[in-house]
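*Asks:* Sending over run08.csv (CSV, C-alpha atoms and all ligand atoms).
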```csv
chain,number,residue,atom,x,y,z
A,889,MET,CA,-12.1,-50.0,24.1
A,890,THR,CA,-12.2,-53.4,22.3
A,891,PRO,CA,-12.2,-53.6,18.5
A,892,ARG,CA,-15.8,-54.8,18.6
A,893,GLN,CA,-17.0,-51.7,20.3
A,894,THR,CA,-15.3,-49.2,18.1
A,895,PRO,CA,-17.7,-49.0,15.1
A,896,PHE,CA,-20.6,-48.6,17.5
A,897,ALA,CA,-18.8,-45.7,19.3
A,898,ILE,CA,-18.1,-44.0,16.0
A,899,ALA,CA,-21.7,-44.3,14.9
A,900,ALA,CA,-22.9,-43.0,18.2
A,901,LEU,CA,-20.6,-40.0,18.0
A,902,ALA,CA,-21.7,-39.3,14.5
A,903,ALA,CA,-25.4,-39.5,15.5
A,904,PHE,CA,-24.7,-37.1,18.4
A,905,ALA,CA,-23.0,-34.6,16.1
A,906,LEU,CA,-26.0,-34.7,13.8
A,907,LEU,CA,-28.3,-34.1,16.7
A,908,THR,CA,-26.4,-31.1,18.0
A,909,ALA,CA,-26.2,-29.7,14.4
A,910,CYS,CA,-30.0,-29.9,14.2
A,911,GLY,CA,-30.4,-28.5,17.6
A,912,SER,CA,-28.5,-25.3,16.9
A,913,GLY,CA,-30.4,-24.7,13.6
A,914,ASP,CA,-33.7,-24.8,15.5
A,915,SER,CA,-32.5,-22.3,18.1
A,916,PRO,CA,-35.5,-20.0,18.8
A,917,ALA,CA,-33.2,-17.1,19.3
A,918,ALA,CA,-32.0,-17.0,15.7
A,919,PRO,CA,-34.6,-15.6,13.3
A,920,ALA,CA,-37.3,-13.0,14.2
A,921,GLU,CA,-39.4,-14.4,11.4
A,922,SER,CA,-41.8,-17.1,12.6
A,923,ALA,CA,-42.7,-20.4,11.1
A,924,VAL,CA,-46.4,-19.6,11.6
A,925,THR,CA,-48.5,-20.1,8.5
A,926,LEU,CA,-50.6,-17.3,7.0
A,927,GLU,CA,-54.1,-17.7,5.7
A,928,ASN,CA,-52.7,-19.1,2.4
A,929,GLY,CA,-51.0,-22.0,4.3
A,930,LEU,CA,-47.5,-20.7,3.6
A,931,THR,CA,-45.1,-18.9,5.9
A,932,ALA,CA,-44.4,-15.2,5.5
A,933,ARG,CA,-41.0,-16.0,3.9
A,934,GLU,CA,-42.6,-18.5,1.4
A,935,THR,CA,-45.3,-16.0,0.6
A,936,ILE,CA,-42.9,-13.1,0.1
A,937,GLU,CA,-40.4,-15.1,-2.0
A,938,ALA,CA,-43.2,-16.4,-4.2
A,939,ARG,CA,-44.6,-12.9,-4.7
A,940,GLN,CA,-41.1,-11.5,-5.6
A,941,ALA,CA,-40.4,-14.4,-7.9
A,942,HIS,CA,-43.6,-13.7,-9.8
A,943,LEU,CA,-42.8,-10.0,-10.0
A,944,LYS,CA,-39.2,-10.8,-11.2
A,945,ASN,CA,-40.7,-12.9,-14.0
A,946,VAL,CA,-43.1,-10.0,-14.9
A,947,GLY,CA,-40.1,-7.6,-14.8
A,948,LYS,CA,-38.1,-9.8,-17.2
A,949,ALA,CA,-41.0,-10.2,-19.6
A,950,PHE,CA,-41.5,-6.5,-19.5
A,951,LYS,CA,-37.9,-5.8,-20.2
A,952,THR,CA,-37.9,-8.2,-23.2
A,953,ILE,CA,-40.8,-6.3,-24.7
A,954,SER,CA,-39.2,-2.9,-24.0
A,955,ASP,CA,-35.8,-4.0,-25.4
A,956,ASN,CA,-37.5,-5.3,-28.6
A,957,LEU,CA,-39.6,-2.2,-29.1
A,958,LYS,CA,-36.5,-0.1,-28.9
A,959,ALA,CA,-34.6,-2.4,-31.3
A,960,GLY,CA,-34.3,-1.5,-35.0
A,961,GLU,CA,-35.9,-4.8,-35.9
A,962,PRO,CA,-38.1,-6.0,-33.1
A,963,ASP,CA,-38.2,-9.8,-32.6
A,964,LEU,CA,-42.0,-10.2,-32.8
A,965,ALA,CA,-42.0,-13.8,-31.6
A,966,ALA,CA,-40.0,-12.8,-28.4
A,967,ILE,CA,-42.5,-9.9,-27.8
A,968,GLN,CA,-45.4,-12.3,-28.2
A,969,ALA,CA,-44.0,-14.9,-25.9
A,970,ALA,CA,-43.3,-12.3,-23.2
A,971,ALA,CA,-46.7,-10.7,-23.5
A,972,ALA,CA,-48.4,-14.1,-23.3
A,973,ALA,CA,-46.5,-14.9,-20.1
A,974,ILE,CA,-47.6,-11.8,-18.1
A,975,PRO,CA,-51.4,-12.5,-17.7
A,976,SER,CA,-50.7,-15.9,-16.2
A,977,GLU,CA,-48.0,-14.6,-13.9
A,978,VAL,CA,-50.4,-12.1,-12.4
A,979,SER,CA,-53.7,-14.1,-12.6
A,980,ASP,CA,-53.8,-14.7,-8.9
A,981,MET,CA,-52.1,-11.5,-7.8
A,982,ASP,CA,-55.0,-10.7,-5.4
A,983,THR,CA,-53.8,-13.6,-3.2
A,984,TRP,CA,-50.1,-12.5,-3.0
A,985,PHE,CA,-50.7,-10.1,-0.1
A,986,PRO,CA,-52.2,-12.1,2.8
A,987,ALA,CA,-52.2,-10.5,6.3
A,988,GLY,CA,-48.7,-11.0,7.9
A,989,SER,CA,-46.7,-10.7,4.7
A,990,GLY,CA,-45.9,-7.0,5.1
A,991,PRO,CA,-42.9,-5.1,6.4
A,992,ASP,CA,-43.3,-6.5,9.9
A,993,ALA,CA,-42.8,-10.1,8.8
A,994,GLY,CA,-39.1,-10.1,9.5
A,995,VAL,CA,-38.4,-10.9,5.8
A,996,LYS,CA,-37.0,-8.4,3.3
A,997,THR,CA,-39.8,-6.9,1.3
A,998,ALA,CA,-40.5,-3.7,-0.5
A,999,ALA,CA,-44.3,-4.1,0.1
A,1000,LEU,CA,-45.5,-1.1,2.1
A,1001,ALA,CA,-47.8,-1.4,5.1
A,1002,VAL,CA,-50.4,0.8,3.3
A,1003,ILE,CA,-51.2,-2.3,1.2
A,1004,TRP,CA,-53.1,-3.7,4.2
A,1005,GLU,CA,-54.7,-0.4,5.0
A,1006,GLU,CA,-56.0,0.4,1.6
A,1007,ARG,CA,-56.9,-3.0,0.3
A,1008,THR,CA,-59.7,-1.8,-2.1
A,1009,GLU,CA,-57.3,0.5,-3.9
A,1010,LEU,CA,-54.7,-2.2,-4.1
A,1011,GLU,CA,-57.2,-4.6,-5.7
A,1012,THR,CA,-58.3,-1.9,-8.2
A,1013,LYS,CA,-54.7,-1.5,-9.2
A,1014,ILE,CA,-54.3,-5.3,-9.6
A,1015,THR,CA,-57.4,-5.4,-11.8
A,1016,ASN,CA,-56.1,-2.5,-13.9
A,1017,LEU,CA,-52.8,-4.4,-14.4
A,1018,GLN,CA,-54.6,-7.7,-15.3
A,1019,SER,CA,-56.8,-6.0,-17.8
A,1020,ALA,CA,-54.0,-4.0,-19.4
A,1021,ALA,CA,-51.8,-7.1,-19.6
A,1022,ALA,CA,-54.6,-9.0,-21.3
A,1023,THR,CA,-54.9,-6.3,-23.9
A,1024,LEU,CA,-51.2,-6.2,-24.4
A,1025,ASP,CA,-51.2,-10.0,-25.0
A,1026,THR,CA,-54.0,-9.8,-27.5
A,1027,THR,CA,-52.4,-6.9,-29.3
A,1028,ALA,CA,-49.0,-8.6,-29.3
A,1029,GLN,CA,-50.5,-11.7,-30.9
A,1030,ALA,CA,-52.1,-9.5,-33.6
A,1031,GLY,CA,-48.6,-8.4,-34.5
A,1032,ASP,CA,-48.9,-4.6,-35.1
A,1033,ILE,CA,-45.8,-3.1,-33.6
A,1034,ALA,CA,-47.2,0.5,-33.2
A,1035,ALA,CA,-50.3,-0.9,-31.4
A,1036,ILE,CA,-48.1,-3.1,-29.2
A,1037,ALA,CA,-46.1,-0.1,-28.2
A,1038,GLU,CA,-49.3,1.7,-27.2
A,1039,ALA,CA,-50.6,-1.3,-25.2
A,1040,PHE,CA,-47.1,-1.7,-23.6
A,1041,LYS,CA,-47.2,1.9,-22.4
A,1042,ALA,CA,-50.7,1.5,-21.0
A,1043,THR,CA,-49.6,-1.6,-19.1
A,1044,GLY,CA,-46.4,0.2,-17.8
A,1045,ALA,CA,-48.6,2.9,-16.4
A,1046,THR,CA,-50.5,0.4,-14.3
A,1047,CYS,CA,-47.1,-0.9,-12.9
A,1048,LYS,CA,-46.0,2.6,-12.0
A,1049,SER,CA,-49.3,3.6,-10.4
A,1050,CYS,CA,-49.1,0.7,-8.0
A,1051,HIS,CA,-45.4,1.0,-7.3
A,1052,ASP,CA,-45.7,4.8,-6.6
A,1053,LYS,CA,-48.2,4.1,-3.8
A,1054,PHE,CA,-47.6,0.5,-2.5
A,1055,ARG,CA,-43.9,-0.3,-3.1
A,1056,ALA,CA,-40.9,1.1,-1.2
A,1057,GLU,CA,-38.3,2.9,-3.3
A,1058,ASP,CA,-35.0,1.1,-3.9
B,1,LIG,C1,-51.0,-3.9,-7.5
B,1,LIG,C2,-49.7,-3.4,-7.3
B,1,LIG,C3,-48.6,-3.7,-8.3
B,1,LIG,C4,-48.6,-3.7,-9.6
B,1,LIG,C5,-49.8,-3.5,-10.5
B,1,LIG,C6,-47.3,-4.1,-10.1
B,1,LIG,N1,-46.5,-4.3,-9.1
B,1,LIG,FE1,-44.5,-4.7,-9.2
B,1,LIG,N2,-44.4,-4.7,-7.1
B,1,LIG,C7,-45.4,-4.4,-6.3
B,1,LIG,C8,-45.0,-4.6,-4.9
B,1,LIG,C9,-45.8,-4.4,-3.7
B,1,LIG,C10,-43.7,-5.0,-5.0
B,1,LIG,C11,-42.8,-5.4,-3.8
B,1,LIG,C12,-42.9,-6.9,-3.5
B,1,LIG,C13,-42.1,-7.4,-2.3
B,1,LIG,O1,-40.9,-7.0,-2.2
B,1,LIG,O2,-42.7,-8.2,-1.5
B,1,LIG,C14,-43.3,-5.1,-6.4
B,1,LIG,C15,-42.1,-5.5,-6.9
B,1,LIG,C16,-41.8,-5.6,-8.2
B,1,LIG,C17,-40.5,-6.0,-8.7
B,1,LIG,C18,-39.3,-6.4,-7.8
B,1,LIG,C19,-39.4,-7.9,-7.6
B,1,LIG,C20,-38.2,-8.4,-6.7
B,1,LIG,O3,-38.3,-8.5,-5.5
B,1,LIG,O4,-37.1,-8.6,-7.3
B,1,LIG,C21,-40.5,-5.9,-10.1
B,1,LIG,C22,-39.4,-6.3,-11.1
B,1,LIG,C23,-41.8,-5.5,-10.4
B,1,LIG,N3,-42.6,-5.3,-9.3
B,1,LIG,C24,-42.3,-5.3,-11.7
B,1,LIG,C25,-43.6,-4.9,-12.0
B,1,LIG,C26,-44.0,-4.7,-13.4
B,1,LIG,C27,-43.2,-4.8,-14.7
B,1,LIG,C28,-45.4,-4.5,-13.3
B,1,LIG,C29,-46.3,-4.2,-14.4
B,1,LIG,C30,-46.3,-5.0,-15.6
B,1,LIG,C31,-45.7,-4.5,-11.9
B,1,LIG,N4,-44.6,-4.7,-11.2
B,1,LIG,C32,-47.0,-4.2,-11.4
B,1,LIG,C33,-46.7,-4.1,-6.6
B,1,LIG,C34,-47.2,-4.0,-7.9
```
Can you turn what I pasted into structure tokens?

*Replies:*
Amino acid sequence: MTPRQTPFAIAALAAFALLTACGSGDSPAAPAESAVTLENGLTARETIEARQAHLKNVGKAFKTISDNLKAGEPDLAAIQAAAAAIPSEVSDMDTWFPAGSGPDAGVKTAALAVIWEERTELETKITNLQSAAATLDTTAQAGDIAAIAEAFKATGATCKSCHDKFRAED
């Protein structure tokens, strides 16, 4: 090998290494989950991860309210911010469960197959949550802690009602 050829050879080897690295990542044998897009234009993984991220945010906001209601001196501003966040988190919840984003998707999800069998009931439970969360927000902004506690309880009942039927237990 002459000195003139060496840099080219190294570059070629590096390019080959890159190619093989890509090749192994694309191996069709690896994941059972497919790259097929669902009716929302996203893959099942993207759909499920987005859904879970929204629900995590809702869970966090809910915990902030719960912790503050239990505290001797609730932080009203923190309650108000958390209550204001929930309605927008769940505003498009009816689009979070497209066909193909259930337990057969090959992605870890606690969404039960019954969601796709009893769609009307799921949608009723989504509406119930949205309406309770809107009331919780309005009540929180008004600032009466006792009334907030009532609205919080009513909202929590809508979470539980859906989880009991449509979410797998931990
Ligand atoms: C209409 C049904 C429904 C309602 C209402 C609902 N959830 Fe859920 N929730 C689900 C389903 C289904 C899952 C599982 C999602 C998945 O794993 O793909 C879930 C998952 C979660 C998770 C776990 C997210 C994760 O993967 O880490 C949290 C936290 C959560 N919900 C909180 C709440 C709270 C708080 C409320 C009420 C303010 C609520 N949910 C209302 C259906 C609902």

*Asks:* Wanna dump the range 1004-1050 of chain A-range 976-992 of chain A contacts at 9 Å for me, each residue with its shortest atom pair and the distance in Å to one decimal, counting only C-alpha atoms, ordered by chain and number, as a tab-separated table?

*Replies:*
```
residue	atom	partner	partner_atom	distance
A:Trp1004	CA	A:Ala987	CA	7.2
A:Leu1010	CA	A:Asp982	CA	8.6
A:Glu1011	CA	A:Asp982	CA	6.5
A:Ile1014	CA	A:Met981	CA	6.8
A:Thr1015	CA	A:Asp982	CA	8.6
A:Leu1017	CA	A:Val978	CA	8.3
A:Gln1018	CA	A:Val978	CA	6.7
A:Ala1021	CA	A:Val978	CA	8.9
```

*Asks:* I need the residue nearest Thr1023 in chain A from this list: A:Val1002, A:Ala971, A:Ala966, A:Cys1047. Use only C-alpha atoms for the distance.

*Replies:*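 Among A:Val1002, A:Ala971, A:Ala966, A:Cys1047, it is A:Ala971 that comes nearest to Thr1023 in chain A.
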
*Asks:* Using only C-alpha atoms and all ligand atoms, find each protein or nucleic acid residue lying at most 9 Å from ligand LIG 1 (chain B); present the set as an MDAnalysis selection string.

*Replies:* chainID A and resid 935:951 974 978 981:982 984:985 989:991 995:1000 1003 1009:1018 1020:1021 1040 1043:1056

*Asks:* Check the smallest atom-to-atom distance from each of A:Ala923, A:Gly994, A:Ser1019, A:Ala1001 to Pro975 in chain A using all atoms listed in the file, then report the winner.

*Replies:*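 Checking each of A:Ala923, A:Gly994, A:Ser1019, A:Ala1001 against Pro975 in chain A, counting all atoms listed in the file, the winner is A:Ser1019.
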
*Asks:* If you take only C-alpha atoms and a cut-off of 10 Å, which residues of range 935-1003 of chain A touch range 1025-1039 of chain A, and what are their nearest atom pairs and distances in Å to one decimal, in chain and number order, as a Markdown table?

*Replies:*
```
| residue | atom | partner | partner_atom | distance |
| --- | --- | --- | --- | --- |
| A:Ile953 | CA | A:Ala1037 | CA | 8.9 |
| A:Ser954 | CA | A:Ala1037 | CA | 8.5 |
| A:Asn956 | CA | A:Ile1033 | CA | 9.9 |
| A:Leu957 | CA | A:Ala1037 | CA | 6.9 |
| A:Lys958 | CA | A:Ala1037 | CA | 9.6 |
| A:Pro962 | CA | A:Ile1033 | CA | 8.2 |
| A:Leu964 | CA | A:Gly1031 | CA | 7.0 |
| A:Ala965 | CA | A:Gln1029 | CA | 8.8 |
| A:Ala966 | CA | A:Ala1028 | CA | 10.0 |
| A:Ile967 | CA | A:Ala1028 | CA | 6.8 |
| A:Gln968 | CA | A:Ala1028 | CA | 5.3 |
| A:Ala969 | CA | A:Ala1028 | CA | 8.7 |
| A:Ala970 | CA | A:Asp1025 | CA | 8.4 |
| A:Ala971 | CA | A:Asp1025 | CA | 4.8 |
| A:Ala972 | CA | A:Asp1025 | CA | 5.2 |
| A:Ala973 | CA | A:Asp1025 | CA | 8.4 |
| A:Ile974 | CA | A:Asp1025 | CA | 8.0 |
| A:Pro975 | CA | A:Asp1025 | CA | 7.7 |
```

*Asks:* Report, in Å to a single decimal, how far apart CA of Thr1008 in chain A and CA of Val924 in chain A are.

*Replies:*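 For CA of Val924 in chain A relative to CA of Thr1008 in chain A, the distance reads 26.1 Å.
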
*Asks:* One decimal, in Å: what's the spacing between CA of Lys1041 in chain A and CA of Arg1007 in chain A?

*Replies:*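 If I compute the distance from CA of Lys1041 in chain A to CA of Arg1007 in chain A, I get 25.2 Å.
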
*Asks:* Expressed in Å to a single decimal, how great is the separation between CA of Thr952 in chain A and CA of Ala1022 in chain A?

*Replies:*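 Between these atoms lies a distance of 16.8 Å.
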
*Asks:* Can range 1008-1034 of chain A be brought up to N, CA and C atoms and written out as a short mmCIF file (atom, residue, chain, number, x, y, z; two decimals), in the coordinates of the input?

*Replies:*
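Wrote it out as part.cif, contents follow:
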```
data_model
loop_
_atom_site.label_atom_id
_atom_site.label_comp_id
_atom_site.auth_asym_id
_atom_site.auth_seq_id
_atom_site.Cartn_x
_atom_site.Cartn_y
_atom_site.Cartn_z
N THR A 1008 -58.79 -2.02 -0.90
CA THR A 1008 -59.70 -1.80 -2.10
C THR A 1008 -58.89 -1.19 -3.20
N GLU A 1009 -58.09 -0.19 -2.85
CA GLU A 1009 -57.30 0.50 -3.90
C GLU A 1009 -56.26 -0.45 -4.47
N LEU A 1010 -55.64 -1.26 -3.63
CA LEU A 1010 -54.70 -2.20 -4.10
C LEU A 1010 -55.36 -3.15 -5.15
N GLU A 1011 -56.55 -3.62 -4.78
CA GLU A 1011 -57.20 -4.60 -5.70
C GLU A 1011 -57.64 -3.91 -6.98
N THR A 1012 -58.00 -2.63 -6.93
CA THR A 1012 -58.30 -1.90 -8.20
C THR A 1012 -57.05 -1.87 -9.07
N LYS A 1013 -55.91 -1.62 -8.46
CA LYS A 1013 -54.70 -1.50 -9.20
C LYS A 1013 -54.27 -2.89 -9.80
N ILE A 1014 -54.58 -3.94 -9.05
CA ILE A 1014 -54.30 -5.30 -9.60
C ILE A 1014 -55.20 -5.57 -10.78
N THR A 1015 -56.48 -5.23 -10.67
CA THR A 1015 -57.40 -5.40 -11.80
C THR A 1015 -56.97 -4.62 -13.00
N ASN A 1016 -56.52 -3.38 -12.76
CA ASN A 1016 -56.10 -2.50 -13.90
C ASN A 1016 -54.89 -3.19 -14.60
N LEU A 1017 -53.96 -3.74 -13.82
CA LEU A 1017 -52.80 -4.40 -14.40
C LEU A 1017 -53.28 -5.63 -15.23
N GLN A 1018 -54.14 -6.44 -14.63
CA GLN A 1018 -54.60 -7.70 -15.30
C GLN A 1018 -55.28 -7.34 -16.61
N SER A 1019 -56.09 -6.28 -16.59
CA SER A 1019 -56.80 -6.00 -17.80
C SER A 1019 -55.89 -5.36 -18.87
N ALA A 1020 -54.94 -4.52 -18.45
CA ALA A 1020 -54.00 -4.00 -19.40
C ALA A 1020 -53.07 -5.07 -19.98
N ALA A 1021 -52.69 -6.02 -19.13
CA ALA A 1021 -51.80 -7.10 -19.60
C ALA A 1021 -52.53 -8.03 -20.56
N ALA A 1022 -53.84 -8.21 -20.35
CA ALA A 1022 -54.60 -9.00 -21.30
C ALA A 1022 -54.70 -8.35 -22.64
N THR A 1023 -54.90 -7.03 -22.64
CA THR A 1023 -54.90 -6.30 -23.90
C THR A 1023 -53.57 -6.31 -24.59
N LEU A 1024 -52.51 -6.17 -23.79
CA LEU A 1024 -51.20 -6.20 -24.40
C LEU A 1024 -50.92 -7.57 -25.04
N ASP A 1025 -51.38 -8.63 -24.39
CA ASP A 1025 -51.20 -10.00 -25.00
C ASP A 1025 -51.95 -10.10 -26.29
N THR A 1026 -53.23 -9.75 -26.29
CA THR A 1026 -54.00 -9.80 -27.50
C THR A 1026 -53.40 -9.00 -28.62
N THR A 1027 -52.99 -7.78 -28.27
CA THR A 1027 -52.40 -6.90 -29.30
C THR A 1027 -51.10 -7.46 -29.79
N ALA A 1028 -50.29 -8.03 -28.91
CA ALA A 1028 -49.00 -8.60 -29.30
C ALA A 1028 -49.24 -9.76 -30.31
N GLN A 1029 -50.22 -10.59 -30.01
CA GLN A 1029 -50.50 -11.70 -30.90
C GLN A 1029 -50.97 -11.26 -32.27
N ALA A 1030 -51.61 -10.08 -32.31
CA ALA A 1030 -52.10 -9.50 -33.60
C ALA A 1030 -50.91 -9.01 -34.44
N GLY A 1031 -49.82 -8.61 -33.77
CA GLY A 1031 -48.60 -8.40 -34.50
C GLY A 1031 -48.28 -6.95 -34.99
N ASP A 1032 -49.13 -5.97 -34.70
CA ASP A 1032 -48.90 -4.60 -35.10
C ASP A 1032 -47.98 -3.88 -34.12
N ILE A 1033 -46.73 -3.60 -34.51
CA ILE A 1033 -45.80 -3.10 -33.60
C ILE A 1033 -46.20 -1.73 -32.93
N ALA A 1034 -46.78 -0.84 -33.74
CA ALA A 1034 -47.20 0.50 -33.20
C ALA A 1034 -48.30 0.26 -32.13
#
```
